[in-house]
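Trainee: Sharing a structure with you now.
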Amino acid sequence: MTDRYCVFGHPVGHSRSPAIHAAFADQTGDDIEYIAIEAPLDDFAGAWRRFVAEGGRGANVTVPFKEAAFRLCDTLSERARRSGAVNTLILGGNGLTYGDTTDGVGLVRDLERHGVALAGARILVLGAGGAVRGVLEPLLAEGPASLFVANRTAAKAEALAADFRDLGEIAGGGFEAVEGPYDLVINGTSASLAGDLPPLPDDLFAPGATAHDMMYGAGPTVFLHWAAERGARTVDGLGMLVEQAAASFFQWRARRPDTAPVLERLRQEL
Ligand code: ATR
């Protein structure tokens, strides 16, 4: 029997998740159906219950439902509990809903694929919203020398860093507190969507440093364009998207798809 999965979002028509999971299932031979569902803004839990009643086994969750998904879970992974958000729902054999978030591990895997050393690295993360909260636990688990969270609203970065202080060397503040050089700078703000850049010093990057943007587009983002001009290697968020999907697929199917050909195809379609 075909197992059913979906991605919930609002809107969700632009989501690449159905194509990514179809490509994974082609590779592994898993018999699954994966669709996109636009859930109502005021009743995410109802949408999940209906999907389960129709044979749904698991789901991805995207904007704006990650916090609502977190609230409906019966049990949570440690990294989901830390991030306050869930991007992967799994229906257990007992009918209980288990929640995980694979964004952070997706980011770490993509950086590893690019040969970026995280252990001992000096890391700067820009932004202190939900996207950043979702990746801090896996980043700190890699043992960086230091991780500074810089945000337009400094108090938000300070509070966020305090929530993760028991896991490693992490601090937070405003952009004026940024003190390079860094080995890795990750942009988790939505600023580049608006064509804006946070105010950053020109000597941000150590020799051989990498700039990562969680966003992606047909060409380099505003942030990656700026970083390349200052000598950094650049990595956009498309690889993270495919890696987080692969980590969700593994949670559901206990099989790890090969992400490289799927990423290559998506890149051509941008
Ligand atoms: P997400 O879920 O994508 O993280 P969010 O929780 O709304 O969305 O967070 C957006 C992040 O982008 C925040 O860190 C925000 O900074 P503030 O906390 O100061 O609002 C940051 N951001 C958005 N637009 C920005 C801009 N033009 N310049 C700098 N930072 C910006």
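In the structure tokens, the first chain shown is A, the next is B, and so on; residue numbers restart at 1 for each chain, and ligands run from 1 in the order shown.
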Do you know which residues are within 6 Å of ligand 1 using only C-alpha atoms and all ligand atoms? Can you write them as a list of chain:residue names?
Mentor: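 The residues near ligand 1 are A:Gly127, A:Ala128, A:Gly129, A:Gly130, A:Ala131, A:Val132, A:Asn151, A:Arg152, A:Thr153, A:Thr189, A:Ser190, A:Ala191, A:Asp196, A:Pro198.
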Trainee: Find the spatial neighbours of A:Val105, counting only C-alpha atoms, within a cut-off of 8 Å - ignore same-chain residues fewer than 2 positions away - and output them as a list in words.
Mentor: Thr102, Asp103, Leu107, Val108, Arg109, Val135, Pro138, Leu139, Glu243, Gln244 and Ala247 of chain A
Trainee: Restricting the calculation to only C-alpha atoms, which member of A:Phe175, A:Trp252, A:Pro201, A:Ala154 is positioned closest to A:Gly56?
Mentor: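 Answer, going by the shortest atom-to-atom distance: A:Trp252.
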Trainee: Taking 3 positions as the minimum chain separation for residues in the same chain, which residues sit within 7 Å of stretch 96-98 of chain A when counting only C-alpha atoms? Answer as a list of chain:residue names.
Mentor: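 Returned residues: A:Cys73, A:Asp74, A:Thr75, A:Leu76, A:Leu89, A:Ile90, A:Leu91, A:Gly92.
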Trainee: For the residues selected in the previous step, produce a file with N, CA and C atoms as a PDB file, in the first residue's frame.
Mentor:
ATOM      1  N   CYS A  73       2.355  18.294  19.046  1.00  0.00           N
ATOM      2  CA  CYS A  73       3.053  17.007  19.155  1.00  0.00           C
ATOM      3  C   CYS A  73       2.891  16.373  20.528  1.00  0.00           C
ATOM      4  N   ASP A  74       2.811  15.032  20.541  1.00  0.00           N
ATOM      5  CA  ASP A  74       2.769  14.297  21.805  1.00  0.00           C
ATOM      6  C   ASP A  74       4.175  14.138  22.372  1.00  0.00           C
ATOM      7  N   THR A  75       5.148  13.929  21.496  1.00  0.00           N
ATOM      8  CA  THR A  75       6.546  13.867  21.939  1.00  0.00           C
ATOM      9  C   THR A  75       7.404  14.634  20.928  1.00  0.00           C
ATOM     10  N   LEU A  76       8.580  15.080  21.396  1.00  0.00           N
ATOM     11  CA  LEU A  76       9.451  15.931  20.578  1.00  0.00           C
ATOM     12  C   LEU A  76      10.894  15.455  20.688  1.00  0.00           C
ATOM     13  N   LEU A  89       6.687  15.974  11.023  1.00  0.00           N
ATOM     14  CA  LEU A  89       5.730  15.241  11.863  1.00  0.00           C
ATOM     15  C   LEU A  89       5.787  13.772  11.468  1.00  0.00           C
ATOM     16  N   ILE A  90       5.759  12.920  12.470  1.00  0.00           N
ATOM     17  CA  ILE A  90       5.825  11.473  12.238  1.00  0.00           C
ATOM     18  C   ILE A  90       4.709  10.828  13.045  1.00  0.00           C
ATOM     19  N   LEU A  91       3.882  10.049  12.369  1.00  0.00           N
ATOM     20  CA  LEU A  91       2.819   9.336  13.080  1.00  0.00           C
ATOM     21  C   LEU A  91       3.384   8.020  13.602  1.00  0.00           C
ATOM     22  N   GLY A  92       3.375   7.857  14.923  1.00  0.00           N
ATOM     23  CA  GLY A  92       3.886   6.623  15.516  1.00  0.00           C
ATOM     24  C   GLY A  92       2.874   5.495  15.374  1.00  0.00           C
TER      25      GLY A  92
END
Trainee: Report the closest atom pair, with its distance in Å rounded to one decimal, for each residue of stretch 218-268 of chain A that has an atom no farther than 12 Å from stretch 80-88 of chain A; count only C-alpha atoms, sort by chain and then rising residue number, and write it as a tab-separated table.
Mentor:
residue	atom	partner	partner_atom	distance
A:Leu241	CA	A:Asn87	CA	11.6
A:Gln244	CA	A:Asn87	CA	9.1
A:Ala245	CA	A:Thr88	CA	9.1
A:Ala246	CA	A:Thr88	CA	11.2
A:Ala247	CA	A:Thr88	CA	9.3
A:Ser248	CA	A:Thr88	CA	6.2
A:Phe249	CA	A:Thr88	CA	9.3
A:Phe250	CA	A:Thr88	CA	10.8
A:Gln251	CA	A:Thr88	CA	8.5
A:Trp252	CA	A:Thr88	CA	9.2
Trainee: I need the residues of stretch 89-250 of chain A that end up classed as alpha helix (DSSP H) by DSSP on the backbone, written out as number ranges by chain.
Mentor: A: 103-113, 130-133, 136-141, 154-164, 222-229, 238-250
Trainee: What does the file look like for those residues with N, CA and C atoms, as a short mmCIF file (atom, residue, chain, number, x, y, z; two decimals), in the first residue's frame?
Mentor:
data_model
loop_
_atom_site.label_atom_id
_atom_site.label_comp_id
_atom_site.auth_asym_id
_atom_site.auth_seq_id
_atom_site.Cartn_x
_atom_site.Cartn_y
_atom_site.Cartn_z
N ASP A 103 15.99 21.19 10.07
CA ASP A 103 16.64 22.32 9.39
C ASP A 103 18.11 22.45 9.79
N GLY A 104 18.37 22.34 11.09
CA GLY A 104 19.74 22.54 11.58
C GLY A 104 20.67 21.45 11.11
N VAL A 105 20.20 20.22 11.17
CA VAL A 105 21.05 19.12 10.72
C VAL A 105 21.25 19.21 9.20
N GLY A 106 20.24 19.73 8.51
CA GLY A 106 20.37 19.96 7.07
C GLY A 106 21.45 20.99 6.77
N LEU A 107 21.49 22.05 7.57
CA LEU A 107 22.53 23.08 7.41
C LEU A 107 23.91 22.48 7.66
N VAL A 108 24.03 21.73 8.76
CA VAL A 108 25.33 21.16 9.12
C VAL A 108 25.80 20.19 8.03
N ARG A 109 24.90 19.34 7.54
CA ARG A 109 25.30 18.36 6.50
C ARG A 109 25.75 19.08 5.23
N ASP A 110 25.03 20.17 4.88
CA ASP A 110 25.39 20.88 3.65
C ASP A 110 26.76 21.55 3.81
N LEU A 111 27.02 22.11 4.99
CA LEU A 111 28.34 22.72 5.22
C LEU A 111 29.43 21.65 5.17
N GLU A 112 29.17 20.48 5.75
CA GLU A 112 30.14 19.38 5.71
C GLU A 112 30.42 18.96 4.27
N ARG A 113 29.35 18.91 3.48
CA ARG A 113 29.49 18.52 2.07
C ARG A 113 30.42 19.49 1.33
N GLY A 130 12.96 32.76 14.04
CA GLY A 130 12.70 31.33 14.09
C GLY A 130 13.70 30.51 13.28
N ALA A 131 14.13 31.03 12.13
CA ALA A 131 15.05 30.29 11.27
C ALA A 131 16.37 30.04 12.00
N VAL A 132 16.84 31.03 12.73
CA VAL A 132 18.11 30.89 13.45
C VAL A 132 17.93 29.98 14.67
N ARG A 133 16.88 30.17 15.43
CA ARG A 133 16.62 29.31 16.60
C ARG A 133 16.64 27.83 16.19
N LEU A 136 20.54 26.33 15.88
CA LEU A 136 21.61 26.55 16.86
C LEU A 136 22.05 25.25 17.56
N GLU A 137 21.12 24.39 17.90
CA GLU A 137 21.51 23.17 18.62
C GLU A 137 22.45 22.30 17.79
N PRO A 138 22.12 21.97 16.52
CA PRO A 138 23.06 21.17 15.73
C PRO A 138 24.39 21.88 15.46
N LEU A 139 24.37 23.20 15.31
CA LEU A 139 25.64 23.92 15.09
C LEU A 139 26.53 23.81 16.33
N LEU A 140 25.95 24.04 17.51
CA LEU A 140 26.74 23.99 18.74
C LEU A 140 27.24 22.57 19.02
N ALA A 141 26.47 21.57 18.59
CA ALA A 141 26.88 20.18 18.80
C ALA A 141 28.16 19.85 18.05
N ALA A 154 19.01 43.91 19.24
CA ALA A 154 20.07 43.22 20.00
C ALA A 154 19.48 42.37 21.13
N ALA A 155 18.45 42.85 21.79
CA ALA A 155 17.90 42.13 22.95
C ALA A 155 17.42 40.73 22.55
N LYS A 156 16.92 40.60 21.32
CA LYS A 156 16.44 39.29 20.86
C LYS A 156 17.60 38.31 20.71
N ALA A 157 18.72 38.82 20.21
CA ALA A 157 19.91 37.96 20.05
C ALA A 157 20.46 37.56 21.41
N GLU A 158 20.46 38.50 22.36
CA GLU A 158 20.96 38.19 23.70
C GLU A 158 20.10 37.12 24.36
N ALA A 159 18.78 37.27 24.24
CA ALA A 159 17.86 36.30 24.86
C ALA A 159 18.00 34.93 24.20
N LEU A 160 18.15 34.93 22.88
CA LEU A 160 18.29 33.66 22.16
C LEU A 160 19.57 32.94 22.60
N ALA A 161 20.67 33.68 22.65
CA ALA A 161 21.94 33.07 23.05
C ALA A 161 21.83 32.51 24.47
N ALA A 162 21.13 33.21 25.35
CA ALA A 162 20.99 32.74 26.74
C ALA A 162 20.27 31.39 26.79
N ASP A 163 19.33 31.18 25.87
CA ASP A 163 18.58 29.91 25.84
C ASP A 163 19.46 28.72 25.48
N PHE A 164 20.62 28.98 24.84
CA PHE A 164 21.48 27.88 24.35
C PHE A 164 22.83 27.83 25.06
N VAL A 222 21.81 38.96 -2.06
CA VAL A 222 22.51 40.23 -1.79
C VAL A 222 23.68 39.98 -0.83
N PHE A 223 23.43 39.17 0.19
CA PHE A 223 24.46 38.89 1.19
C PHE A 223 25.64 38.12 0.56
N LEU A 224 25.35 37.12 -0.25
CA LEU A 224 26.43 36.32 -0.83
C LEU A 224 27.23 37.12 -1.85
N HIS A 225 26.56 38.00 -2.56
CA HIS A 225 27.25 38.89 -3.49
C HIS A 225 28.26 39.76 -2.72
N TRP A 226 27.79 40.33 -1.62
CA TRP A 226 28.63 41.17 -0.76
C TRP A 226 29.81 40.35 -0.22
N ALA A 227 29.53 39.14 0.24
CA ALA A 227 30.56 38.29 0.85
C ALA A 227 31.61 37.88 -0.18
N ALA A 228 31.18 37.55 -1.40
CA ALA A 228 32.13 37.13 -2.44
C ALA A 228 33.08 38.28 -2.77
N GLU A 229 32.57 39.49 -2.78
CA GLU A 229 33.42 40.65 -3.05
C GLU A 229 34.49 40.84 -1.99
N LEU A 238 20.09 26.32 -0.96
CA LEU A 238 19.42 25.23 -1.69
C LEU A 238 19.87 23.85 -1.18
N GLY A 239 21.15 23.74 -0.88
CA GLY A 239 21.66 22.48 -0.36
C GLY A 239 21.06 22.14 1.00
N MET A 240 20.90 23.16 1.84
CA MET A 240 20.27 22.96 3.15
C MET A 240 18.85 22.47 2.98
N LEU A 241 18.14 23.01 1.99
CA LEU A 241 16.75 22.58 1.72
C LEU A 241 16.71 21.08 1.39
N VAL A 242 17.63 20.65 0.52
CA VAL A 242 17.62 19.24 0.10
C VAL A 242 18.07 18.35 1.27
N GLU A 243 19.05 18.81 2.04
CA GLU A 243 19.55 18.00 3.16
C GLU A 243 18.51 17.87 4.28
N GLN A 244 17.76 18.95 4.55
CA GLN A 244 16.73 18.82 5.60
C GLN A 244 15.64 17.87 5.14
N ALA A 245 15.35 17.89 3.83
CA ALA A 245 14.35 16.96 3.29
C ALA A 245 14.84 15.52 3.43
N ALA A 246 16.12 15.30 3.14
CA ALA A 246 16.68 13.95 3.25
C ALA A 246 16.63 13.46 4.69
N ALA A 247 16.87 14.37 5.64
CA ALA A 247 16.81 13.98 7.06
C ALA A 247 15.37 13.65 7.46
N SER A 248 14.39 14.36 6.93
CA SER A 248 12.98 14.02 7.18
C SER A 248 12.65 12.66 6.57
N PHE A 249 13.08 12.45 5.33
CA PHE A 249 12.84 11.19 4.62
C PHE A 249 13.40 10.02 5.45
N PHE A 250 14.59 10.24 6.02
CA PHE A 250 15.21 9.20 6.84
C PHE A 250 14.36 8.91 8.08
#
Trainee: Excluding A:Asp42 and any residue of its chain fewer than 6 positions from it, enumerate the residues within 12 Å of it, using only C-alpha atoms, and give them as a list in words.
Mentor: His10, Pro64, Phe65 and Ala68 of chain A
Trainee: Find the residues near stretch 27-29 of chain A: any atom within 12 Å, counting only C-alpha atoms, skip ones fewer than 6 places away on the same chain, and give them as a list of chain:residue names.
Mentor: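 Skipping anything fewer than 6 positions along the chain leaves A:Thr2, A:Ile20, A:His21, A:Ala246, A:Phe249, A:Phe250, A:Arg253, A:Ala254, A:Arg255, A:Arg256, A:Pro257, A:Asp258, A:Thr259, A:Ala260, A:Pro261, A:Val262.
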Trainee: Just to be explicit: take each residue in the selection above, keep C-alpha atoms, and write the result as a compact mmCIF listing (two decimals), in the first residue's frame.
Mentor:
# COMPACT_ATOMS: atom_id res chain seq x y z
CA THR A 2 1.20 3.51 -0.82
CA ILE A 20 12.41 16.49 -3.81
CA HIS A 21 10.63 13.63 -2.04
CA ALA A 246 16.68 13.95 3.25
CA PHE A 249 12.84 11.19 4.62
CA PHE A 250 15.21 9.20 6.84
CA ARG A 253 11.57 5.61 5.82
CA ALA A 254 14.86 4.72 7.61
CA ARG A 255 16.70 5.18 4.30
CA ARG A 256 19.17 7.90 3.36
CA PRO A 257 18.72 9.15 -0.19
CA ASP A 258 21.64 10.45 -2.24
CA THR A 259 21.14 14.23 -2.17
CA ALA A 260 23.72 15.23 -4.82
CA PRO A 261 21.73 14.42 -8.00
CA VAL A 262 18.54 15.90 -6.53
Trainee: Could the residues of stretch 71-146 of chain A that have an atom at most 12 Å from stretch 208-211 of chain A be listed as a Markdown table, each with its closest atom pair and the distance in Å to one decimal, counting only C-alpha atoms and ordered by chain and ascending residue number?
Mentor:
| residue | atom | partner | partner_atom | distance |
| --- | --- | --- | --- | --- |
| A:Leu111 | CA | A:Thr210 | CA | 9.1 |
| A:Glu112 | CA | A:Thr210 | CA | 11.7 |
| A:His114 | CA | A:Thr210 | CA | 9.5 |
| A:Gly115 | CA | A:Thr210 | CA | 10.0 |
| A:Val116 | CA | A:Thr210 | CA | 7.4 |
| A:Ala117 | CA | A:Thr210 | CA | 9.9 |
| A:Leu118 | CA | A:Thr210 | CA | 10.8 |
| A:Ala121 | CA | A:Ala209 | CA | 9.7 |
| A:Arg122 | CA | A:Ala209 | CA | 9.7 |
| A:Ile123 | CA | A:Thr210 | CA | 9.7 |
| A:Leu124 | CA | A:Ala211 | CA | 9.6 |
| A:Val125 | CA | A:Ala211 | CA | 10.0 |
| A:Leu126 | CA | A:Ala211 | CA | 10.9 |
Trainee: Deliver the residues from the most recent selection as a file, using N, CA and C atoms, as a PDB file, in the first residue's frame.
Mentor:
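Wrote it out as out38.pdb, contents follow:
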ATOM      1  N   LEU A 111      27.020  22.111   4.985  1.00  0.00           N
ATOM      2  CA  LEU A 111      28.339  22.719   5.219  1.00  0.00           C
ATOM      3  C   LEU A 111      29.432  21.652   5.166  1.00  0.00           C
ATOM      4  N   GLU A 112      29.167  20.482   5.755  1.00  0.00           N
ATOM      5  CA  GLU A 112      30.143  19.381   5.715  1.00  0.00           C
ATOM      6  C   GLU A 112      30.424  18.962   4.273  1.00  0.00           C
ATOM      7  N   HIS A 114      30.388  20.761   1.779  1.00  0.00           N
ATOM      8  CA  HIS A 114      31.258  21.768   1.168  1.00  0.00           C
ATOM      9  C   HIS A 114      32.645  21.803   1.822  1.00  0.00           C
ATOM     10  N   GLY A 115      32.884  20.875   2.747  1.00  0.00           N
ATOM     11  CA  GLY A 115      34.202  20.816   3.382  1.00  0.00           C
ATOM     12  C   GLY A 115      34.443  21.895   4.418  1.00  0.00           C
ATOM     13  N   VAL A 116      33.390  22.475   4.971  1.00  0.00           N
ATOM     14  CA  VAL A 116      33.545  23.525   5.984  1.00  0.00           C
ATOM     15  C   VAL A 116      33.730  22.856   7.348  1.00  0.00           C
ATOM     16  N   ALA A 117      34.857  23.147   8.009  1.00  0.00           N
ATOM     17  CA  ALA A 117      35.123  22.575   9.336  1.00  0.00           C
ATOM     18  C   ALA A 117      34.372  23.389  10.387  1.00  0.00           C
ATOM     19  N   LEU A 118      33.558  22.733  11.183  1.00  0.00           N
ATOM     20  CA  LEU A 118      32.779  23.446  12.208  1.00  0.00           C
ATOM     21  C   LEU A 118      33.439  23.346  13.583  1.00  0.00           C
ATOM     22  N   ALA A 121      35.654  26.259  14.895  1.00  0.00           N
ATOM     23  CA  ALA A 121      35.461  27.444  14.040  1.00  0.00           C
ATOM     24  C   ALA A 121      34.889  28.620  14.837  1.00  0.00           C
ATOM     25  N   ARG A 122      35.222  29.814  14.369  1.00  0.00           N
ATOM     26  CA  ARG A 122      34.586  31.029  14.899  1.00  0.00           C
ATOM     27  C   ARG A 122      33.419  31.333  13.970  1.00  0.00           C
ATOM     28  N   ILE A 123      32.208  31.263  14.526  1.00  0.00           N
ATOM     29  CA  ILE A 123      30.998  31.372  13.699  1.00  0.00           C
ATOM     30  C   ILE A 123      30.211  32.625  14.070  1.00  0.00           C
ATOM     31  N   LEU A 124      29.743  33.324  13.046  1.00  0.00           N
ATOM     32  CA  LEU A 124      28.812  34.446  13.239  1.00  0.00           C
ATOM     33  C   LEU A 124      27.489  34.079  12.579  1.00  0.00           C
ATOM     34  N   VAL A 125      26.389  34.221  13.318  1.00  0.00           N
ATOM     35  CA  VAL A 125      25.063  33.986  12.753  1.00  0.00           C
ATOM     36  C   VAL A 125      24.308  35.311  12.763  1.00  0.00           C
ATOM     37  N   LEU A 126      23.775  35.697  11.610  1.00  0.00           N
ATOM     38  CA  LEU A 126      23.032  36.955  11.488  1.00  0.00           C
ATOM     39  C   LEU A 126      21.541  36.664  11.583  1.00  0.00           C
TER      40      LEU A 126
END
Trainee: Name the residues of stretch 87-242 of chain A that come out as strand (DSSP E or B) in a backbone DSSP run; write them as a PyMOL selection string.
Mentor: chain A and resi 88-91+97-100+122-126+146-150+170-173+182-187+205-213+233-235
Trainee: Output the selection as an mmCIF file, in the first residue's frame - C-alpha atoms for each residue.
Mentor:
data_model
loop_
_atom_site.group_PDB
_atom_site.id
_atom_site.type_symbol
_atom_site.label_atom_id
_atom_site.label_comp_id
_atom_site.auth_asym_id
_atom_site.auth_seq_id
_atom_site.Cartn_x
_atom_site.Cartn_y
_atom_site.Cartn_z
ATOM 1 C CA THR A 88 8.769 17.081 10.496
ATOM 2 C CA LEU A 89 5.730 15.241 11.863
ATOM 3 C CA ILE A 90 5.825 11.473 12.238
ATOM 4 C CA LEU A 91 2.819 9.336 13.080
ATOM 5 C CA THR A 97 2.508 12.334 16.884
ATOM 6 C CA TYR A 98 6.288 12.764 17.166
ATOM 7 C CA GLY A 99 7.864 16.077 16.141
ATOM 8 C CA ASP A 100 11.388 16.798 14.931
ATOM 9 C CA ARG A 122 34.586 31.029 14.899
ATOM 10 C CA ILE A 123 30.998 31.372 13.699
ATOM 11 C CA LEU A 124 28.812 34.446 13.239
ATOM 12 C CA VAL A 125 25.063 33.986 12.753
ATOM 13 C CA LEU A 126 23.032 36.955 11.488
ATOM 14 C CA SER A 146 32.644 30.490 19.460
ATOM 15 C CA LEU A 147 29.258 31.371 18.046
ATOM 16 C CA PHE A 148 28.013 34.977 18.040
ATOM 17 C CA VAL A 149 24.383 35.747 17.174
ATOM 18 C CA ALA A 150 24.002 39.306 15.827
ATOM 19 C CA ILE A 170 27.460 31.291 22.463
ATOM 20 C CA ALA A 171 26.770 35.007 22.908
ATOM 21 C CA GLY A 172 24.440 37.518 21.285
ATOM 22 C CA GLY A 173 24.185 41.249 20.579
ATOM 23 C CA TYR A 182 35.067 34.716 11.430
ATOM 24 C CA ASP A 183 35.615 31.376 9.705
ATOM 25 C CA LEU A 184 31.916 31.027 8.910
ATOM 26 C CA VAL A 185 29.162 33.652 8.623
ATOM 27 C CA ILE A 186 25.584 32.387 8.268
ATOM 28 C CA ASN A 187 22.829 34.755 7.184
ATOM 29 C CA PHE A 205 36.045 37.125 7.024
ATOM 30 C CA ALA A 206 39.162 35.191 8.045
ATOM 31 C CA PRO A 207 41.264 33.814 5.156
ATOM 32 C CA GLY A 208 39.433 30.823 3.652
ATOM 33 C CA ALA A 209 36.156 31.775 5.365
ATOM 34 C CA THR A 210 32.747 30.658 4.135
ATOM 35 C CA ALA A 211 29.561 32.734 3.857
ATOM 36 C CA HIS A 212 26.286 30.802 3.950
ATOM 37 C CA ASP A 213 22.842 32.232 3.222
ATOM 38 C CA ARG A 233 33.541 31.248 -0.362
ATOM 39 C CA THR A 234 29.782 31.316 -0.789
ATOM 40 C CA VAL A 235 27.114 28.667 -0.222
#
Trainee: Can you tell me how far atom CA of A:Phe44 sits from atom CA of A:Gly93, in Å to one decimal?
Mentor: 21.6 Å
Trainee: Suppose you want the space between atom CA of A:Tyr216 and atom CA of A:Ala59; what is it in Å?
Mentor: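 Rounded to one decimal, the two atoms are 22.9 Å apart.
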Trainee: What does the distance between atom CA of A:Leu266 and atom CA of A:Met215 come to in Å, to one decimal place?
Mentor: 14.3 Å
Trainee: Mind checking which residues fall within 9 Å of A:Glu38, counting only C-alpha atoms, ignoring those fewer than 6 positions away in the same chain, and posting them as a ChimeraX atom specification?
Mentor: /A:7-13,47
